[in-house]
Each structure stands twice: as structure tokens, then as C-alpha cells.
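Next up, work-v1.txt (compact mmCIF, C-alpha atoms and all ligand atoms):
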```
# COMPACT_ATOMS: atom_id res chain seq x y z
CA MET A 1 -0.23 -17.46 18.31
CA LYS A 2 -0.87 -19.75 15.37
CA GLN A 3 -0.76 -16.96 12.77
CA GLN A 4 2.85 -16.08 13.61
CA VAL A 5 4.18 -19.46 12.51
CA VAL A 6 2.28 -19.47 9.22
CA PRO A 7 4.53 -18.15 6.42
CA ASN A 8 3.82 -14.54 5.55
CA ILE A 9 2.80 -15.42 2.01
CA GLN A 10 0.12 -17.82 3.19
CA ARG A 11 -1.19 -15.34 5.72
CA TYR A 12 -1.42 -12.73 2.99
CA GLU A 13 -3.40 -15.07 0.78
CA GLU A 14 -5.77 -16.04 3.55
CA ASP A 15 -6.39 -12.60 5.01
CA GLU A 16 -6.40 -10.12 2.21
CA MET A 17 -6.08 -11.73 -1.18
CA ALA A 18 -9.80 -12.19 -1.73
CA ALA A 19 -10.50 -8.53 -1.02
CA ALA A 20 -7.58 -7.34 -3.13
CA LYS A 21 -8.64 -9.50 -6.06
CA ALA A 22 -12.20 -8.24 -5.81
CA ASN A 23 -10.91 -4.67 -6.16
CA HIS A 24 -8.72 -5.50 -9.13
CA PRO A 25 -9.98 -8.18 -11.53
CA LYS A 26 -6.54 -8.50 -13.15
CA LEU A 27 -4.66 -8.87 -9.88
CA ALA A 28 -5.08 -12.64 -9.62
CA GLU A 29 -3.42 -12.98 -13.01
CA VAL A 30 -0.65 -10.51 -12.18
CA LEU A 31 0.25 -12.27 -8.93
CA GLN A 32 0.99 -15.50 -10.77
CA GLU A 33 3.12 -13.74 -13.38
CA PRO A 34 6.88 -14.01 -13.09
CA SER A 35 8.64 -10.69 -12.70
CA LEU A 36 11.07 -10.24 -15.58
CA ILE A 37 14.18 -11.09 -13.56
CA GLY A 38 13.97 -14.86 -13.63
CA VAL A 39 12.55 -15.24 -10.14
CA PRO A 40 9.32 -16.88 -8.97
CA SER A 41 5.95 -15.20 -9.13
CA ALA A 42 5.17 -11.73 -7.83
CA LEU A 43 3.08 -13.39 -5.15
CA ARG A 44 6.11 -15.23 -3.80
CA ILE A 45 8.16 -12.02 -3.61
CA LEU A 46 5.35 -10.29 -1.71
CA GLY A 47 5.65 -13.08 0.83
CA ILE A 48 9.20 -12.13 1.86
CA ALA A 49 8.41 -10.77 5.28
CA ASP A 50 11.25 -8.31 5.79
CA ARG A 51 10.80 -6.44 2.50
CA VAL A 52 8.22 -3.69 2.11
CA SER A 53 6.73 -4.74 -1.22
CA TYR A 54 3.79 -3.71 -3.37
CA ILE A 55 2.34 -3.92 -6.87
CA VAL A 56 1.08 -1.02 -8.97
CA ASP A 57 -1.00 -1.19 -12.14
CA PRO A 58 -0.10 0.67 -15.37
CA SER A 59 -1.61 3.91 -14.00
CA LEU A 60 0.65 3.54 -10.91
CA SER A 61 -2.31 2.86 -8.63
CA LEU A 62 -1.54 0.61 -5.67
CA THR A 63 -3.21 -2.78 -6.18
CA CYS A 64 -1.78 -4.75 -3.25
CA HIS A 65 0.96 -4.68 -0.64
CA ASN A 66 2.38 -7.10 1.88
CA LYS A 67 2.32 -7.26 5.66
CA ALA A 68 5.74 -5.58 5.87
CA TRP A 69 4.09 -2.50 4.31
CA ASP A 70 1.51 -2.44 7.11
CA LYS A 71 4.19 -2.84 9.77
CA PHE A 72 6.26 -0.02 8.30
CA ALA A 73 3.22 2.29 8.05
CA LEU A 74 2.24 1.67 11.67
CA GLU A 75 5.79 2.11 12.97
CA ASN A 76 6.28 5.35 11.05
CA ALA A 77 3.17 7.25 12.14
CA ALA A 78 1.23 6.60 8.93
CA PRO A 79 -1.68 4.37 10.09
CA LYS A 80 -3.88 5.60 7.21
CA LEU A 81 -1.59 3.72 4.81
CA ALA A 82 -1.95 0.38 6.60
CA GLY A 83 -4.46 -2.27 5.54
CA LEU A 84 -6.69 -2.16 2.49
CA ALA A 85 -7.81 1.48 2.81
CA CYS A 86 -4.96 2.74 0.61
CA ILE A 87 -5.60 0.24 -2.21
CA GLY A 88 -6.39 2.17 -5.40
CA THR A 89 -4.32 5.19 -4.31
CA ASN A 90 -1.84 6.45 -6.86
CA ILE A 91 1.62 5.71 -5.48
CA LEU A 92 2.89 9.16 -6.53
CA SER A 93 0.19 10.88 -4.47
CA ILE A 94 1.67 9.37 -1.29
CA THR A 95 5.24 10.16 -2.37
CA ASP A 96 6.64 13.41 -1.01
CA GLU A 97 6.04 16.23 -3.48
CA SER A 98 9.75 17.06 -3.74
CA LEU A 99 10.55 13.55 -5.00
CA ARG A 100 7.49 13.00 -7.16
CA PRO A 101 9.10 13.92 -10.53
CA PHE A 102 12.04 11.63 -9.78
CA TYR A 103 9.94 8.56 -8.97
CA LYS A 104 7.49 9.24 -11.79
CA ASP A 105 10.41 9.21 -14.25
CA ALA A 106 11.79 6.01 -12.69
CA PHE A 107 8.49 4.09 -12.80
CA GLN A 108 7.83 5.18 -16.38
CA LYS A 109 11.35 4.15 -17.39
CA VAL A 110 10.79 0.62 -16.06
CA GLN A 111 7.40 0.43 -17.80
CA ARG A 112 9.02 1.55 -21.05
CA GLU A 113 12.33 -0.34 -20.98
CA LYS A 114 11.23 -3.40 -18.97
CA LYS A 115 14.46 -3.50 -16.96
CA VAL A 116 14.85 -3.58 -13.19
CA TRP A 117 15.64 -0.17 -11.68
CA GLU A 118 17.47 0.18 -8.35
CA TRP A 119 17.81 3.05 -5.93
CA ARG A 120 19.54 3.31 -2.53
CA TYR A 121 18.03 5.74 -0.05
CA THR A 122 18.25 6.70 3.62
CA CYS A 123 15.34 5.82 5.88
CA SER A 124 16.65 6.65 9.36
CA SER A 125 14.63 6.81 12.55
CA PRO A 126 15.48 8.84 15.69
CA GLN A 127 17.07 5.67 17.08
CA VAL A 128 19.01 4.15 14.16
CA PHE A 129 20.63 4.97 10.85
CA ARG A 130 19.08 2.91 8.04
CA ARG A 131 19.90 2.58 4.38
CA CYS A 132 17.53 0.73 2.05
CA LEU A 133 17.53 -0.61 -1.47
CA MET A 134 14.46 -0.06 -3.63
CA ARG A 135 14.01 -2.26 -6.69
CA VAL A 136 11.29 -1.73 -9.28
CA HIS A 137 10.65 -4.89 -11.28
CA PRO A 138 8.66 -5.00 -14.48
CA ILE A 139 6.02 -7.74 -14.46
CA SER A 140 5.36 -9.71 -17.63
CA LEU A 141 1.93 -8.14 -17.95
CA SER A 142 2.63 -4.82 -19.63
CA GLY A 143 2.87 -1.74 -17.41
CA TRP A 144 2.48 -3.54 -14.07
CA LEU A 145 5.33 -3.11 -11.58
CA LEU A 146 6.47 -4.94 -8.47
CA VAL A 147 8.36 -2.73 -6.02
CA THR A 148 10.52 -4.10 -3.19
CA ASN A 149 12.37 -2.24 -0.43
CA SER A 150 15.11 -4.09 1.48
CA LEU A 151 17.08 -2.94 4.49
CA ILE A 152 20.79 -3.07 3.58
CA ILE A 153 22.44 -1.16 6.48
CA GLU A 154 21.29 -0.51 10.03
CA SER A 155 23.64 1.06 12.59
CA GLU A 156 23.85 3.51 15.47
CA HIS A 157 23.82 7.20 14.64
CA ALA A 158 27.16 8.97 14.67
CA ALA A 159 27.53 11.43 17.55
CA GLY A 160 26.58 14.97 16.58
CA THR A 161 24.48 17.92 17.56
CA SER A 162 21.22 17.19 19.31
CA ASP A 163 19.88 20.70 19.94
CA SER A 164 16.65 20.83 17.92
CA ALA A 165 16.10 24.50 18.79
CA LEU A 166 18.76 25.48 16.22
CA TYR A 167 16.54 24.17 13.44
CA VAL A 168 13.05 25.45 14.30
CA ASP A 169 12.10 28.28 11.93
CA VAL A 170 9.62 31.17 12.31
CA ASP A 171 6.75 28.84 11.37
CA LYS A 172 7.80 26.55 14.25
CA GLN A 173 8.79 23.88 11.72
CA ILE A 174 12.00 22.04 10.94
CA GLN A 175 13.00 21.54 7.31
CA VAL A 176 14.24 17.96 6.87
CA CYS A 177 15.72 16.57 3.66
CA VAL A 178 13.52 13.81 2.37
CA HIS A 179 16.54 11.84 1.11
CA CYS A 180 19.39 12.18 3.68
CA ARG A 181 17.15 13.27 6.59
CA CYS A 182 19.45 16.18 7.48
CA SER A 183 17.92 19.33 9.03
CA LYS A 184 18.41 22.89 7.84
CA ARG A 185 20.00 25.26 10.38
CA VAL A 186 17.96 28.44 10.67
CA ALA A 187 20.87 30.81 11.39
CA GLN A 188 23.08 29.19 8.70
CA PRO A 189 20.66 28.10 5.96
CA GLU A 190 23.49 26.70 3.84
CA ARG A 191 24.23 24.17 6.59
CA TRP A 192 22.25 20.91 6.90
CA ASP A 193 23.06 18.60 9.84
CA PHE A 194 21.92 15.13 10.76
CA VAL A 195 19.96 15.47 14.03
CA PRO A 196 18.25 12.21 15.08
CA ALA A 197 16.02 14.03 17.60
CA ASN A 198 14.42 15.99 14.74
CA LEU A 199 13.05 12.75 13.27
CA LYS A 200 10.78 12.02 16.21
CA PRO A 201 7.11 11.76 15.14
CA GLU A 202 6.07 14.61 17.43
CA MET A 203 8.36 17.13 15.70
CA ALA A 204 6.75 19.55 13.22
CA VAL A 205 8.67 18.77 10.05
CA ARG A 206 8.47 20.17 6.55
CA GLN A 207 9.93 17.89 3.86
CA ALA A 208 12.46 19.36 1.45
CA LEU A 209 15.51 18.37 -0.56
CA CYS A 210 18.85 19.67 0.66
CA PRO A 211 21.05 21.28 -2.03
CA ILE A 212 23.46 18.34 -2.19
CA CYS A 213 20.77 15.66 -2.57
CA LYS A 214 18.95 17.75 -5.15
CA LEU A 215 22.14 18.19 -7.15
CA TYR A 216 23.55 14.67 -6.98
CA PHE A 217 20.61 12.33 -6.48
CA TYR A 218 17.52 14.01 -7.91
CA PRO A 219 18.58 16.07 -10.93
CA SER A 220 15.21 15.39 -12.55
CA CYS A 221 13.48 17.28 -9.70
CA ARG A 222 15.88 20.18 -10.21
CA GLU A 223 15.27 20.29 -13.97
CA LYS A 224 11.50 20.16 -13.52
CA THR A 225 11.67 23.17 -11.18
CA VAL A 226 13.72 25.19 -13.66
CA LEU A 227 11.44 24.27 -16.56
CA ARG A 228 8.35 25.42 -14.67
CA GLU A 229 9.92 28.81 -14.00
CA GLN A 230 10.75 29.59 -17.64
CA PRO A 231 7.27 30.59 -18.97
CA ARG A 232 6.79 32.95 -16.03
CA GLN A 233 10.02 34.78 -16.92
CA ARG A 234 8.87 35.19 -20.52
CA ASP A 235 5.49 36.55 -19.39
CA ASN A 236 7.21 39.29 -17.42
CA ARG A 237 9.01 40.73 -20.40
ZN ZN B 301 19.78 15.64 1.63
```
Is it possible to express this structure as C-alpha cells?
Amino acid sequence: MKQQVVPNIQRYEEDEMAAAKANHPKLAEVLQEPSLIGVPSALRILGIADRVSYIVDPSLSLTCHNKAWDKFALENAAPKLAGLACIGTNILSITDESLRPFYKDAFQKVQREKKVWEWRYTCSSPQVFRRCLMRVHPISLSGWLLVTNSLIIESEHAAGTSDSALYVDVDKQIQVCVHCRCSKRVAQPERWDFVPANLKPEMAVRQALCPICKLYFYPSCREKTVLREQPRQRDNR
């Protein structure tokens, strides 16, 4: 098919750029801006086919994304996020609630300090273990951000338990950590195991943060939770 041999960047320009620009008058300008890391324009980075990349405006609303975003959405049971339908959506509203404070802090830090921010996270499927690198780049135009996600490790899952029944709670759901993708054992709630079968799209999963990830990787989420509880304690006195 002819489209497959056309570079991703060109395909993006031809297929969706006009619509994206119509939605966001400033987008045409932003796409030509260099990100602040001495690399070519944001448009060129969006064209890198194997990185899920997108641009948000100063209010953190999604203004455009690349084809790798669409592919990832379709392969991970999120078809509503593919194509132009999600343009204008605040990126935090499609971030899992448990991680929202963490990513909000990170995006605002890049907007404020204008330095690239990096984060490594697990993005495993039932078939393979995957580790990815997220980079948030400030764009020259104040408050705009270019976000890229690159695959850095992909390997087979280590052998382990595969009995999903041990993890299904009274609500017929499995609690899965949104960072390490481990599942909480119902009979031993302090124990979280990596169970690839629990990541299948048909499983009823409730997202959470396991105690270790909350402690070591997302302290801002932990602090926010504690802060919200304080006024309630005072009211009870
Ligand atoms: Zn975890």
C-alpha cells in the first residue's frame, strides 16, 4: 500500500494536520517551534513512528498526537482515544486517578522550569514485559509541552503464578498497580504479584498503586492523600 512507504511525518501532515490546525489556531506555529533540547521541530519529533508522542497546550489539553498514539490506543483496548475525537481533552482526565497528582506536578514543573523531565515506567501486556521512557519537553512557546514515550526494554515475562482466581475480590475485580502492573492477592492483601494473565483486556481490573510504588515512585500522590485527610480529622474534634 502506498501509504506505508510514506514517512510517518508526511502521512501525519497529509491526513490530520489540517483538522488539528483548525481546532487550534496556534498549533501550526507550535509545530514549527524547536523543543528546548536542541533538536529539530516538534513536528519532526511527532514523525518518529515508534514513539507515542503528543503536544499539550498550557492548560494541558491535547492538541495533537501522532500515529503511534492511535496504534497504541487501538492495541490497548482504548479505541475512544484514537483519531481526532480526543483532541481538546485534558491529558490529566485520561490519566489514571491514582497517578494524576504525580503527572500534574511533573507537567507544571516543566512549564515552570523549562527543563526536560524524564520518567521510566512499566507498560507490560499479557504477552510481554515492557519498560518505557517518558520525556516531557518544553517547547519554546511558553507553557506548551511535547511528550514522547519510547520503548526501552521488551522481554518475556518471568515464570510465576498464573492463577487469576487468587486475585479476584468480592466485587469480582482484580486490583492492579498502575505502575508495576502487579496484582493484589485477596487472601494476603500485603502481597502483590506479577500475573500476566490478569492484564488481559477481558479481565475486570481496578487500577491502584501498590504500597511500594506509592512509597518509592509517587510520593506526591501519597502526600496529596494525607493532606486531604487532615481537615476531616480536625472537623471531628
Ligand atoms: Zn506497583
>> Taking all atoms listed in the file and a cut-off of 7 Å, can you tell me which residues surround ligand ZN 301 (chain B), written as a ChimeraX atom specification?
In response: /A:177-182,209-213
> Which residue out of A:Ala197, A:Leu62, A:Leu145, A:Ala159 has the minimum interatomic distance to A:Val30 when only C-alpha atoms are used?
Replying inline: A:Leu145
> Taking (23.2, 19.5, 18.4) in the file's coordinates, which residues come within 10 Å, counting all atoms listed in the file, written as a list of chain:residue names?
Replying inline: A:Ala159, A:Gly160, A:Thr161, A:Ser162, A:Asp163, A:Ser164, A:Ala165, A:Leu166, A:Tyr167, A:Asp193, A:Phe194, A:Val195, A:Pro196, A:Ala197
May I have the selected residues written with C-alpha atoms, as a PDB file, in the coordinates of the input?
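Result written to result.pdb:
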```
ATOM      1  CA  ALA A 159      27.530  11.430  17.550  1.00  0.00           C
ATOM      2  CA  GLY A 160      26.580  14.970  16.580  1.00  0.00           C
ATOM      3  CA  THR A 161      24.480  17.920  17.560  1.00  0.00           C
ATOM      4  CA  SER A 162      21.220  17.190  19.310  1.00  0.00           C
ATOM      5  CA  ASP A 163      19.880  20.700  19.940  1.00  0.00           C
ATOM      6  CA  SER A 164      16.650  20.830  17.920  1.00  0.00           C
ATOM      7  CA  ALA A 165      16.100  24.500  18.790  1.00  0.00           C
ATOM      8  CA  LEU A 166      18.760  25.480  16.220  1.00  0.00           C
ATOM      9  CA  TYR A 167      16.540  24.170  13.440  1.00  0.00           C
ATOM     10  CA  ASP A 193      23.060  18.600   9.840  1.00  0.00           C
ATOM     11  CA  PHE A 194      21.920  15.130  10.760  1.00  0.00           C
ATOM     12  CA  VAL A 195      19.960  15.470  14.030  1.00  0.00           C
ATOM     13  CA  PRO A 196      18.250  12.210  15.080  1.00  0.00           C
ATOM     14  CA  ALA A 197      16.020  14.030  17.600  1.00  0.00           C
TER      15      ALA A 197
END
```
> Which residues, protein or nucleic acid, reach to within 12 Å of (7.7, 15.2, 11.9) in the file's coordinates when using all atoms listed in the file, and can you give that as a VMD selection string?
Replying inline: chain A and resid 76 to 78 125 to 126 168 172 to 178 181 183 196 to 207
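Nearest to A:Ile87 of all the residues A:Phe107, A:Ala49, A:Phe102, A:Leu27 is A:Leu27, based on only C-alpha atoms.
Proximity to A:Ala82 was assessed for A:Ile55, A:Cys64, A:Ile139, A:Ala28 counting all atoms listed in the file; the smallest distance is recorded for A:Cys64.
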> Of the candidates A:Val170, A:Val136, A:Ile91, A:Ala85, which shows the shortest atom-to-atom distance to A:Val110, using all atoms listed in the file?
Replying inline: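 Residue with the minimum atom-to-atom distance to A:Val110: A:Val136.
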